[in-house]
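Source file start_31.txt; content: compact mmCIF, N, CA and C atoms.
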```
# COMPACT_ATOMS: atom_id res chain seq x y z
N MET A 912 21.51 125.49 56.24
CA MET A 912 22.40 126.64 56.29
C MET A 912 22.56 127.20 54.88
N ALA A 913 22.72 128.48 54.78
CA ALA A 913 22.80 129.13 53.48
C ALA A 913 24.06 128.72 52.72
N GLU A 914 23.92 128.62 51.40
CA GLU A 914 25.03 128.21 50.54
C GLU A 914 26.24 129.13 50.70
N SER A 915 26.02 130.45 50.78
CA SER A 915 27.14 131.38 50.89
C SER A 915 27.99 131.08 52.11
N LYS A 916 27.36 130.81 53.22
CA LYS A 916 28.10 130.50 54.44
C LYS A 916 28.82 129.17 54.31
N LEU A 917 28.21 128.21 53.63
CA LEU A 917 28.85 126.91 53.45
C LEU A 917 30.15 127.02 52.69
N ILE A 918 30.22 127.94 51.73
CA ILE A 918 31.46 128.14 50.98
C ILE A 918 32.58 128.52 51.94
N ALA A 919 32.35 129.48 52.80
CA ALA A 919 33.38 129.92 53.74
C ALA A 919 33.75 128.81 54.71
N ASP A 920 32.78 128.03 55.14
CA ASP A 920 33.08 126.92 56.05
C ASP A 920 33.92 125.85 55.35
N ARG A 921 33.67 125.64 54.08
CA ARG A 921 34.42 124.62 53.34
C ARG A 921 35.84 125.10 53.02
N VAL A 922 35.99 126.35 52.63
CA VAL A 922 37.29 126.88 52.21
C VAL A 922 38.14 127.30 53.40
N LYS A 923 37.54 127.75 54.47
CA LYS A 923 38.21 128.22 55.68
C LYS A 923 39.22 129.34 55.37
N PRO A 924 38.73 130.52 55.01
CA PRO A 924 39.61 131.63 54.67
C PRO A 924 40.48 132.03 55.86
N LYS A 925 41.68 132.47 55.56
CA LYS A 925 42.63 132.88 56.61
C LYS A 925 42.65 134.39 56.83
N THR A 926 42.16 135.16 55.85
CA THR A 926 42.14 136.61 55.96
C THR A 926 40.77 137.15 55.57
N VAL A 927 40.51 138.39 55.93
CA VAL A 927 39.25 139.01 55.55
C VAL A 927 39.20 139.18 54.03
N ASP A 928 40.31 139.55 53.43
CA ASP A 928 40.35 139.66 51.96
C ASP A 928 39.97 138.33 51.31
N ALA A 929 40.51 137.23 51.83
CA ALA A 929 40.20 135.91 51.28
C ALA A 929 38.73 135.57 51.49
N TYR A 930 38.16 135.94 52.62
CA TYR A 930 36.74 135.71 52.88
C TYR A 930 35.89 136.44 51.84
N ILE A 931 36.14 137.73 51.69
CA ILE A 931 35.35 138.54 50.76
C ILE A 931 35.47 138.00 49.33
N ALA A 932 36.65 137.55 48.96
CA ALA A 932 36.88 137.06 47.59
C ALA A 932 36.08 135.80 47.27
N LEU A 933 35.56 135.10 48.27
CA LEU A 933 34.79 133.89 48.04
C LEU A 933 33.42 134.15 47.41
N PHE A 934 32.95 135.38 47.47
CA PHE A 934 31.56 135.68 47.14
C PHE A 934 31.43 136.36 45.78
N PRO A 935 30.21 136.35 45.23
CA PRO A 935 29.94 137.05 43.96
C PRO A 935 30.17 138.56 44.12
N PRO A 936 30.35 139.25 43.01
CA PRO A 936 30.68 140.69 43.06
C PRO A 936 29.75 141.54 43.92
N GLU A 937 28.43 141.29 43.84
CA GLU A 937 27.52 142.14 44.63
C GLU A 937 27.72 141.92 46.13
N ASP A 938 28.01 140.69 46.53
CA ASP A 938 28.30 140.42 47.94
C ASP A 938 29.67 140.98 48.33
N GLN A 939 30.63 140.88 47.43
CA GLN A 939 31.95 141.47 47.71
C GLN A 939 31.81 142.96 47.97
N ALA A 940 31.01 143.63 47.16
CA ALA A 940 30.81 145.08 47.33
C ALA A 940 30.17 145.38 48.69
N ALA A 941 29.14 144.63 49.05
CA ALA A 941 28.46 144.86 50.33
C ALA A 941 29.38 144.57 51.51
N LEU A 942 30.09 143.45 51.45
CA LEU A 942 31.02 143.10 52.54
C LEU A 942 32.13 144.15 52.65
N SER A 943 32.60 144.64 51.52
CA SER A 943 33.65 145.67 51.54
C SER A 943 33.13 146.97 52.14
N GLU A 944 31.85 147.30 51.86
CA GLU A 944 31.25 148.49 52.47
C GLU A 944 31.15 148.34 53.99
N ILE A 945 30.72 147.18 54.44
CA ILE A 945 30.65 146.93 55.89
C ILE A 945 32.04 147.05 56.49
N ARG A 946 33.02 146.42 55.86
CA ARG A 946 34.39 146.45 56.36
C ARG A 946 34.92 147.89 56.43
N SER A 947 34.72 148.66 55.37
CA SER A 947 35.19 150.05 55.36
C SER A 947 34.50 150.88 56.44
N THR A 948 33.22 150.65 56.61
CA THR A 948 32.46 151.37 57.65
C THR A 948 33.04 151.08 59.02
N LEU A 949 33.31 149.81 59.29
CA LEU A 949 33.87 149.43 60.59
C LEU A 949 35.27 150.00 60.79
N ARG A 950 36.06 150.02 59.74
CA ARG A 950 37.41 150.60 59.84
C ARG A 950 37.37 152.10 60.12
N ARG A 951 36.44 152.80 59.45
CA ARG A 951 36.30 154.24 59.71
C ARG A 951 35.80 154.50 61.12
N ALA A 952 34.85 153.71 61.56
CA ALA A 952 34.26 153.91 62.89
C ALA A 952 35.25 153.57 64.00
N LEU A 953 36.08 152.56 63.77
CA LEU A 953 37.02 152.08 64.80
C LEU A 953 38.42 151.92 64.20
N PRO A 954 39.10 153.04 63.93
CA PRO A 954 40.41 152.94 63.27
C PRO A 954 41.46 152.17 64.08
N ALA A 955 41.28 152.07 65.38
CA ALA A 955 42.25 151.34 66.21
C ALA A 955 41.89 149.86 66.38
N SER A 956 40.82 149.44 65.72
CA SER A 956 40.37 148.06 65.90
C SER A 956 41.26 147.08 65.14
N GLU A 957 41.10 145.82 65.48
CA GLU A 957 41.81 144.72 64.84
C GLU A 957 40.78 143.88 64.10
N GLU A 958 41.14 143.42 62.90
CA GLU A 958 40.25 142.50 62.20
C GLU A 958 40.96 141.18 62.00
N THR A 959 40.18 140.13 62.07
CA THR A 959 40.72 138.78 61.92
C THR A 959 39.60 137.88 61.40
N ILE A 960 39.93 136.63 61.23
CA ILE A 960 38.91 135.63 60.88
C ILE A 960 38.74 134.72 62.09
N SER A 961 37.50 134.51 62.48
CA SER A 961 37.18 133.59 63.56
C SER A 961 35.87 132.91 63.18
N TYR A 962 35.78 131.62 63.40
CA TYR A 962 34.61 130.86 62.98
C TYR A 962 34.33 131.06 61.48
N ASN A 963 35.41 131.20 60.70
CA ASN A 963 35.34 131.37 59.24
C ASN A 963 34.59 132.64 58.81
N GLN A 964 34.58 133.66 59.68
CA GLN A 964 33.92 134.93 59.38
C GLN A 964 34.81 136.08 59.82
N PRO A 965 34.67 137.24 59.18
CA PRO A 965 35.39 138.41 59.66
C PRO A 965 34.94 138.80 61.07
N LEU A 966 35.90 139.15 61.88
CA LEU A 966 35.67 139.56 63.26
C LEU A 966 36.40 140.86 63.50
N VAL A 967 35.72 141.81 64.12
CA VAL A 967 36.32 143.09 64.50
C VAL A 967 36.40 143.11 66.02
N LYS A 968 37.62 143.43 66.52
CA LYS A 968 37.85 143.46 67.97
C LYS A 968 38.43 144.81 68.36
N GLN A 969 38.00 145.30 69.48
CA GLN A 969 38.61 146.46 70.13
C GLN A 969 38.24 146.38 71.60
N ASP A 970 39.21 146.10 72.42
CA ASP A 970 38.99 145.85 73.85
C ASP A 970 38.03 144.68 74.04
N GLY A 971 38.03 143.76 73.13
CA GLY A 971 37.14 142.61 73.14
C GLY A 971 36.42 142.51 71.81
N VAL A 972 35.53 141.56 71.70
CA VAL A 972 34.79 141.35 70.46
C VAL A 972 33.80 142.50 70.25
N VAL A 973 33.84 143.10 69.07
CA VAL A 973 32.85 144.11 68.69
C VAL A 973 31.76 143.43 67.88
N MET A 974 32.12 142.84 66.74
CA MET A 974 31.13 142.11 65.96
C MET A 974 31.78 141.27 64.87
N PHE A 975 31.07 140.23 64.50
CA PHE A 975 31.36 139.43 63.32
C PHE A 975 30.44 139.95 62.22
N TYR A 976 30.81 139.74 60.96
CA TYR A 976 29.87 139.98 59.88
C TYR A 976 30.05 138.88 58.83
N ALA A 977 28.98 138.61 58.09
CA ALA A 977 29.01 137.48 57.15
C ALA A 977 27.96 137.67 56.07
N ALA A 978 28.18 136.97 54.96
CA ALA A 978 27.21 136.95 53.86
C ALA A 978 26.50 135.61 53.84
N PHE A 979 25.22 135.66 53.59
CA PHE A 979 24.40 134.48 53.42
C PHE A 979 23.62 134.63 52.12
N THR A 980 22.85 133.66 51.76
CA THR A 980 22.14 133.68 50.49
C THR A 980 21.19 134.86 50.37
N ARG A 981 20.40 135.14 51.41
CA ARG A 981 19.38 136.19 51.33
C ARG A 981 19.66 137.42 52.20
N HIS A 982 20.73 137.37 52.98
CA HIS A 982 20.98 138.49 53.89
C HIS A 982 22.46 138.55 54.26
N TYR A 983 22.80 139.66 54.90
CA TYR A 983 24.11 139.82 55.56
C TYR A 983 23.81 139.80 57.05
N SER A 984 24.73 139.26 57.82
CA SER A 984 24.53 139.20 59.26
C SER A 984 25.60 139.95 60.01
N LEU A 985 25.18 140.59 61.08
CA LEU A 985 26.07 141.16 62.07
C LEU A 985 25.84 140.34 63.33
N PHE A 986 26.88 139.72 63.85
CA PHE A 986 26.76 138.97 65.08
C PHE A 986 27.41 139.82 66.17
N ILE A 987 26.61 140.23 67.13
CA ILE A 987 27.06 141.15 68.18
C ILE A 987 26.84 140.48 69.52
N PRO A 988 27.92 139.96 70.14
CA PRO A 988 27.75 139.23 71.41
C PRO A 988 27.06 140.05 72.50
N SER A 989 27.28 141.36 72.53
CA SER A 989 26.67 142.19 73.58
C SER A 989 25.33 142.75 73.11
N ILE A 990 24.52 141.92 72.50
CA ILE A 990 23.28 142.37 71.86
C ILE A 990 22.29 142.99 72.84
N ASP A 991 22.27 142.57 74.09
CA ASP A 991 21.30 143.13 75.04
C ASP A 991 21.50 144.62 75.23
N SER A 992 22.74 145.05 75.46
CA SER A 992 23.00 146.48 75.63
C SER A 992 22.78 147.23 74.32
N VAL A 993 23.08 146.59 73.20
CA VAL A 993 22.85 147.20 71.89
C VAL A 993 21.36 147.41 71.66
N LEU A 994 20.55 146.41 72.00
CA LEU A 994 19.10 146.55 71.83
C LEU A 994 18.53 147.63 72.74
N SER A 995 19.09 147.76 73.93
CA SER A 995 18.63 148.82 74.84
C SER A 995 18.90 150.20 74.25
N GLU A 996 20.03 150.34 73.60
CA GLU A 996 20.44 151.63 73.05
C GLU A 996 19.86 151.90 71.66
N PHE A 997 19.76 150.87 70.83
CA PHE A 997 19.40 151.04 69.42
C PHE A 997 18.14 150.26 69.01
N GLY A 998 17.35 149.83 69.97
CA GLY A 998 16.20 148.99 69.69
C GLY A 998 15.26 149.55 68.65
N ASN A 999 14.97 150.85 68.70
CA ASN A 999 14.05 151.44 67.73
C ASN A 999 14.60 151.35 66.32
N GLU A 1000 15.89 151.62 66.16
CA GLU A 1000 16.50 151.56 64.83
C GLU A 1000 16.64 150.12 64.33
N LEU A 1001 16.87 149.20 65.24
CA LEU A 1001 17.04 147.80 64.85
C LEU A 1001 15.70 147.11 64.60
N ALA A 1002 14.61 147.75 64.98
CA ALA A 1002 13.28 147.16 64.79
C ALA A 1002 12.98 146.92 63.30
N ALA A 1003 13.67 147.63 62.43
CA ALA A 1003 13.46 147.46 60.99
C ALA A 1003 14.11 146.18 60.45
N PHE A 1004 14.88 145.50 61.29
CA PHE A 1004 15.61 144.31 60.86
C PHE A 1004 15.23 143.12 61.73
N LYS A 1005 15.47 141.94 61.19
CA LYS A 1005 15.24 140.73 61.97
C LYS A 1005 16.42 140.56 62.92
N VAL A 1006 16.12 140.48 64.21
CA VAL A 1006 17.15 140.28 65.22
C VAL A 1006 16.81 139.00 65.96
N GLU A 1007 17.71 138.05 65.92
CA GLU A 1007 17.55 136.78 66.63
C GLU A 1007 18.78 136.52 67.46
N LYS A 1008 18.56 136.27 68.73
CA LYS A 1008 19.67 136.05 69.65
C LYS A 1008 20.65 137.20 69.49
N ALA A 1009 21.86 136.97 69.06
CA ALA A 1009 22.85 138.03 68.94
C ALA A 1009 23.09 138.44 67.48
N THR A 1010 22.17 138.08 66.59
CA THR A 1010 22.37 138.32 65.17
C THR A 1010 21.37 139.32 64.61
N VAL A 1011 21.90 140.29 63.88
CA VAL A 1011 21.08 141.25 63.15
C VAL A 1011 21.18 140.87 61.68
N ARG A 1012 20.03 140.60 61.05
CA ARG A 1012 20.01 140.23 59.64
C ARG A 1012 19.66 141.46 58.79
N LEU A 1013 20.52 141.73 57.83
CA LEU A 1013 20.32 142.83 56.91
C LEU A 1013 19.93 142.24 55.55
N PRO A 1014 18.71 142.45 55.10
CA PRO A 1014 18.27 141.80 53.86
C PRO A 1014 19.02 142.31 52.64
N LYS A 1015 19.34 141.39 51.76
CA LYS A 1015 19.96 141.77 50.48
C LYS A 1015 18.92 142.51 49.65
N GLY A 1016 19.40 143.34 48.77
CA GLY A 1016 18.49 144.08 47.89
C GLY A 1016 17.99 145.38 48.49
N LYS A 1017 18.39 145.66 49.71
CA LYS A 1017 18.03 146.93 50.36
C LYS A 1017 19.33 147.62 50.74
N PRO A 1018 19.32 148.96 50.83
CA PRO A 1018 20.54 149.66 51.21
C PRO A 1018 21.04 149.21 52.59
N LEU A 1019 22.33 149.05 52.69
CA LEU A 1019 22.93 148.70 53.99
C LEU A 1019 22.85 149.92 54.91
N PRO A 1020 22.51 149.72 56.17
CA PRO A 1020 22.45 150.84 57.13
C PRO A 1020 23.87 151.15 57.66
N LEU A 1021 24.71 151.67 56.78
CA LEU A 1021 26.13 151.83 57.13
C LEU A 1021 26.33 152.77 58.31
N ASP A 1022 25.57 153.85 58.37
CA ASP A 1022 25.70 154.76 59.51
C ASP A 1022 25.37 154.03 60.80
N LEU A 1023 24.31 153.25 60.80
CA LEU A 1023 23.92 152.48 61.98
C LEU A 1023 25.00 151.46 62.33
N ILE A 1024 25.54 150.77 61.35
CA ILE A 1024 26.60 149.79 61.61
C ILE A 1024 27.78 150.46 62.29
N GLY A 1025 28.17 151.62 61.81
CA GLY A 1025 29.28 152.35 62.42
C GLY A 1025 28.97 152.75 63.86
N ARG A 1026 27.77 153.23 64.09
CA ARG A 1026 27.40 153.63 65.45
C ARG A 1026 27.30 152.44 66.39
N LEU A 1027 26.81 151.31 65.88
CA LEU A 1027 26.78 150.09 66.70
C LEU A 1027 28.20 149.70 67.11
N ALA A 1028 29.13 149.74 66.17
CA ALA A 1028 30.51 149.36 66.45
C ALA A 1028 31.13 150.28 67.50
N VAL A 1029 30.93 151.58 67.35
CA VAL A 1029 31.48 152.54 68.32
C VAL A 1029 30.88 152.29 69.70
N PHE A 1030 29.58 152.04 69.75
CA PHE A 1030 28.92 151.77 71.03
C PHE A 1030 29.49 150.52 71.69
N VAL A 1031 29.58 149.43 70.94
CA VAL A 1031 30.06 148.17 71.51
C VAL A 1031 31.52 148.32 71.96
N ALA A 1032 32.35 148.96 71.16
CA ALA A 1032 33.75 149.16 71.55
C ALA A 1032 33.82 150.01 72.83
N GLY A 1033 32.94 151.00 72.95
CA GLY A 1033 32.90 151.81 74.17
C GLY A 1033 32.49 150.98 75.37
N GLU A 1034 31.51 150.11 75.18
CA GLU A 1034 31.09 149.21 76.26
C GLU A 1034 32.23 148.27 76.64
N ASN A 1035 32.94 147.77 75.64
CA ASN A 1035 34.09 146.90 75.90
C ASN A 1035 35.15 147.63 76.70
N GLY A 1036 35.40 148.90 76.35
CA GLY A 1036 36.39 149.70 77.04
C GLY A 1036 36.04 149.98 78.49
N LYS A 1037 34.76 150.08 78.79
CA LYS A 1037 34.32 150.30 80.16
C LYS A 1037 34.72 149.13 81.05
N GLY A 1038 34.69 147.93 80.49
CA GLY A 1038 35.05 146.73 81.23
C GLY A 1038 36.53 146.64 81.55
N LYS A 1039 37.35 147.42 80.85
CA LYS A 1039 38.80 147.37 81.08
C LYS A 1039 39.25 148.32 82.18
N LYS A 1040 38.35 149.23 82.59
CA LYS A 1040 38.74 150.24 83.59
C LYS A 1040 38.65 149.71 84.99
```

Would you mind writing the structure in this file as structure tokens?
Amino acid sequence: MAESKLIADRVKPKTVDAYIALFPPEDQAALSEIRSTLRRALPASEETISYNQPLVKQDGVVMFYAAFTRHYSLFIPSIDSVLSEFGNELAAFKVEKATVRLPKGKPLPLDLIGRLAVFVAGENGKGKK
């Protein structure tokens, strides 16, 4: 397992701010960008820590995000519907099971992250009707 993730597992942060603070400045900046993107995309969402990672919820789980040594991860439980809708755009990234890996050293696809979040929250909302 990547060293960055091990830090969070060892420290067990209680807040998203505490999680982000565990990492070096470049990771803090990237995690903060992901967080801001998700907040803009889903202003009514709730953020918390679950499994020692930031979690965004709106009518259910939208996504987790995390920093690792060589990449950032988005964990999206409803990955099948996401792949059906965004498969072409996600083809540029490594997708395994429910995880999308965003390589470090490349620009974060913030617009895509926001659209993924809106889509998943919309799918979650459909289940509540």

Task: Shell around stretch 946-957 of chain A at 7 Å using only C-alpha atoms, local window under 2 positions removed, as number ranges by chain - done: A: 942-944, 959, 967-969, 1021, 1025, 1028-1029

Task: Nearest to A:Pro1014, chosen from A:Pro988, A:Gly998, A:Leu1027, A:His982, with only N, CA and C atoms counted in the distances - done: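 Nearest candidate to A:Pro1014 out of A:Pro988, A:Gly998, A:Leu1027, A:His982: A:His982.
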
TODO: Would you work out the distance separating atom N of A:Lys1015 from atom CA of A:Ile931, expressed in Å to one decimal?
DONE: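 That distance, rounded to one decimal, is 16.3 Å.
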
Work out where the centre of an axis-aligned box around every listed atom of stretch 980-997 of chain A lies and how long its edges are once 3 Å is added on each side; give both in Å to one decimal as JSON.
```
{"center_x": 23.0, "center_y": 142.8, "center_z": 63.0, "size_x": 15.8, "size_y": 24.2, "size_z": 31.3}
```

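Distances here use all atoms listed in the file; by that measure, the residue among A:Ser995, A:Ser989, A:Ser984, A:Asn963 closest to A:Leu1013 is A:Ser984.
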
Open item on the list: Write out as an MDAnalysis selection string the set of residues from chain A that DSSP, computed on the backbone, places in helix (DSSP H, G or I).
Closed with: chainID A and resid 914:922 927:932 936:952 990:1001 1021:1037

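Nearest-residue note for A:Lys1017: choosing from A:Val972, A:Val927, A:Ala1003, A:Leu985, the minimum distance belongs to A:Ala1003, counting only C-alpha atoms.
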
Task: Among the residues A:Lys1037, A:Arg1012, A:Lys1005, A:Lys923, the one that comes closest to A:Gln964 [using all atoms listed in the file] - done: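 Looking at the shortest contact to A:Gln964, the residue is A:Lys923.
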
Task: Given only C-alpha atoms as the counted atoms, nearest of A:Leu1019, A:Val1031, A:Val993, A:Val922 to A:Ala940 - done: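 Between A:Leu1019, A:Val1031, A:Val993, A:Val922, the residue approaching A:Ala940 most closely is A:Leu1019.
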
Task: Backbone-only DSSP, strand (DSSP E or B) members of chain A, as JSON, numbers by chain - done: {"A": [957, 958, 959, 960, 961, 964, 965, 966, 967, 968, 972, 973, 974, 975, 976, 977, 978, 982, 983, 984, 985, 986, 1005, 1006, 1007, 1010, 1011, 1012, 1013, 1014]}

Selected residues, N, CA and C atoms, written as a short mmCIF file (atom, residue, chain, number, x, y, z; two decimals), keeping the file's coordinate frame, please.
```
data_model
loop_
_atom_site.label_atom_id
_atom_site.label_comp_id
_atom_site.auth_asym_id
_atom_site.auth_seq_id
_atom_site.Cartn_x
_atom_site.Cartn_y
_atom_site.Cartn_z
N GLU A 957 41.10 145.82 65.48
CA GLU A 957 41.81 144.72 64.84
C GLU A 957 40.78 143.88 64.10
N GLU A 958 41.14 143.42 62.90
CA GLU A 958 40.25 142.50 62.20
C GLU A 958 40.96 141.18 62.00
N THR A 959 40.18 140.13 62.07
CA THR A 959 40.72 138.78 61.92
C THR A 959 39.60 137.88 61.40
N ILE A 960 39.93 136.63 61.23
CA ILE A 960 38.91 135.63 60.88
C ILE A 960 38.74 134.72 62.09
N SER A 961 37.50 134.51 62.48
CA SER A 961 37.18 133.59 63.56
C SER A 961 35.87 132.91 63.18
N GLN A 964 34.58 133.66 59.68
CA GLN A 964 33.92 134.93 59.38
C GLN A 964 34.81 136.08 59.82
N PRO A 965 34.67 137.24 59.18
CA PRO A 965 35.39 138.41 59.66
C PRO A 965 34.94 138.80 61.07
N LEU A 966 35.90 139.15 61.88
CA LEU A 966 35.67 139.56 63.26
C LEU A 966 36.40 140.86 63.50
N VAL A 967 35.72 141.81 64.12
CA VAL A 967 36.32 143.09 64.50
C VAL A 967 36.40 143.11 66.02
N LYS A 968 37.62 143.43 66.52
CA LYS A 968 37.85 143.46 67.97
C LYS A 968 38.43 144.81 68.36
N VAL A 972 35.53 141.56 71.70
CA VAL A 972 34.79 141.35 70.46
C VAL A 972 33.80 142.50 70.25
N VAL A 973 33.84 143.10 69.07
CA VAL A 973 32.85 144.11 68.69
C VAL A 973 31.76 143.43 67.88
N MET A 974 32.12 142.84 66.74
CA MET A 974 31.13 142.11 65.96
C MET A 974 31.78 141.27 64.87
N PHE A 975 31.07 140.23 64.50
CA PHE A 975 31.36 139.43 63.32
C PHE A 975 30.44 139.95 62.22
N TYR A 976 30.81 139.74 60.96
CA TYR A 976 29.87 139.98 59.88
C TYR A 976 30.05 138.88 58.83
N ALA A 977 28.98 138.61 58.09
CA ALA A 977 29.01 137.48 57.15
C ALA A 977 27.96 137.67 56.07
N ALA A 978 28.18 136.97 54.96
CA ALA A 978 27.21 136.95 53.86
C ALA A 978 26.50 135.61 53.84
N HIS A 982 20.73 137.37 52.98
CA HIS A 982 20.98 138.49 53.89
C HIS A 982 22.46 138.55 54.26
N TYR A 983 22.80 139.66 54.90
CA TYR A 983 24.11 139.82 55.56
C TYR A 983 23.81 139.80 57.05
N SER A 984 24.73 139.26 57.82
CA SER A 984 24.53 139.20 59.26
C SER A 984 25.60 139.95 60.01
N LEU A 985 25.18 140.59 61.08
CA LEU A 985 26.07 141.16 62.07
C LEU A 985 25.84 140.34 63.33
N PHE A 986 26.88 139.72 63.85
CA PHE A 986 26.76 138.97 65.08
C PHE A 986 27.41 139.82 66.17
N LYS A 1005 15.47 141.94 61.19
CA LYS A 1005 15.24 140.73 61.97
C LYS A 1005 16.42 140.56 62.92
N VAL A 1006 16.12 140.48 64.21
CA VAL A 1006 17.15 140.28 65.22
C VAL A 1006 16.81 139.00 65.96
N GLU A 1007 17.71 138.05 65.92
CA GLU A 1007 17.55 136.78 66.63
C GLU A 1007 18.78 136.52 67.46
N THR A 1010 22.17 138.08 66.59
CA THR A 1010 22.37 138.32 65.17
C THR A 1010 21.37 139.32 64.61
N VAL A 1011 21.90 140.29 63.88
CA VAL A 1011 21.08 141.25 63.15
C VAL A 1011 21.18 140.87 61.68
N ARG A 1012 20.03 140.60 61.05
CA ARG A 1012 20.01 140.23 59.64
C ARG A 1012 19.66 141.46 58.79
N LEU A 1013 20.52 141.73 57.83
CA LEU A 1013 20.32 142.83 56.91
C LEU A 1013 19.93 142.24 55.55
N PRO A 1014 18.71 142.45 55.10
CA PRO A 1014 18.27 141.80 53.86
C PRO A 1014 19.02 142.31 52.64
#
```

How would stretch 973-986 of chain A read, as a compact mmCIF listing (two decimals), in the frame of the given file, once N, CA, C and O atoms are built in?
```
# COMPACT_ATOMS: atom_id res chain seq x y z
N VAL A 973 33.84 143.10 69.07
CA VAL A 973 32.85 144.11 68.69
C VAL A 973 31.76 143.43 67.88
O VAL A 973 30.60 143.43 68.28
N MET A 974 32.12 142.84 66.74
CA MET A 974 31.13 142.11 65.96
C MET A 974 31.78 141.27 64.87
O MET A 974 32.88 141.57 64.43
N PHE A 975 31.07 140.23 64.50
CA PHE A 975 31.36 139.43 63.32
C PHE A 975 30.44 139.95 62.22
O PHE A 975 29.36 140.48 62.52
N TYR A 976 30.81 139.74 60.96
CA TYR A 976 29.87 139.98 59.88
C TYR A 976 30.05 138.88 58.83
O TYR A 976 31.12 138.28 58.73
N ALA A 977 28.98 138.61 58.09
CA ALA A 977 29.01 137.48 57.15
C ALA A 977 27.96 137.67 56.07
O ALA A 977 26.98 138.40 56.25
N ALA A 978 28.18 136.97 54.96
CA ALA A 978 27.21 136.95 53.86
C ALA A 978 26.50 135.61 53.84
O ALA A 978 27.13 134.56 54.03
N PHE A 979 25.22 135.66 53.59
CA PHE A 979 24.40 134.48 53.42
C PHE A 979 23.62 134.63 52.12
O PHE A 979 23.72 135.65 51.45
N THR A 980 22.85 133.66 51.76
CA THR A 980 22.14 133.68 50.49
C THR A 980 21.19 134.86 50.37
O THR A 980 21.16 135.53 49.34
N ARG A 981 20.40 135.14 51.41
CA ARG A 981 19.38 136.19 51.33
C ARG A 981 19.66 137.42 52.20
O ARG A 981 18.86 138.36 52.21
N HIS A 982 20.73 137.37 52.98
CA HIS A 982 20.98 138.49 53.89
C HIS A 982 22.46 138.55 54.26
O HIS A 982 23.23 137.63 53.99
N TYR A 983 22.80 139.66 54.90
CA TYR A 983 24.11 139.82 55.56
C TYR A 983 23.81 139.80 57.05
O TYR A 983 22.76 140.27 57.48
N SER A 984 24.73 139.26 57.82
CA SER A 984 24.53 139.20 59.26
C SER A 984 25.60 139.95 60.01
O SER A 984 26.78 139.94 59.62
N LEU A 985 25.18 140.59 61.08
CA LEU A 985 26.07 141.16 62.07
C LEU A 985 25.84 140.34 63.33
O LEU A 985 24.70 140.25 63.81
N PHE A 986 26.88 139.72 63.85
CA PHE A 986 26.76 138.97 65.08
C PHE A 986 27.41 139.82 66.17
O PHE A 986 28.60 140.11 66.12
```
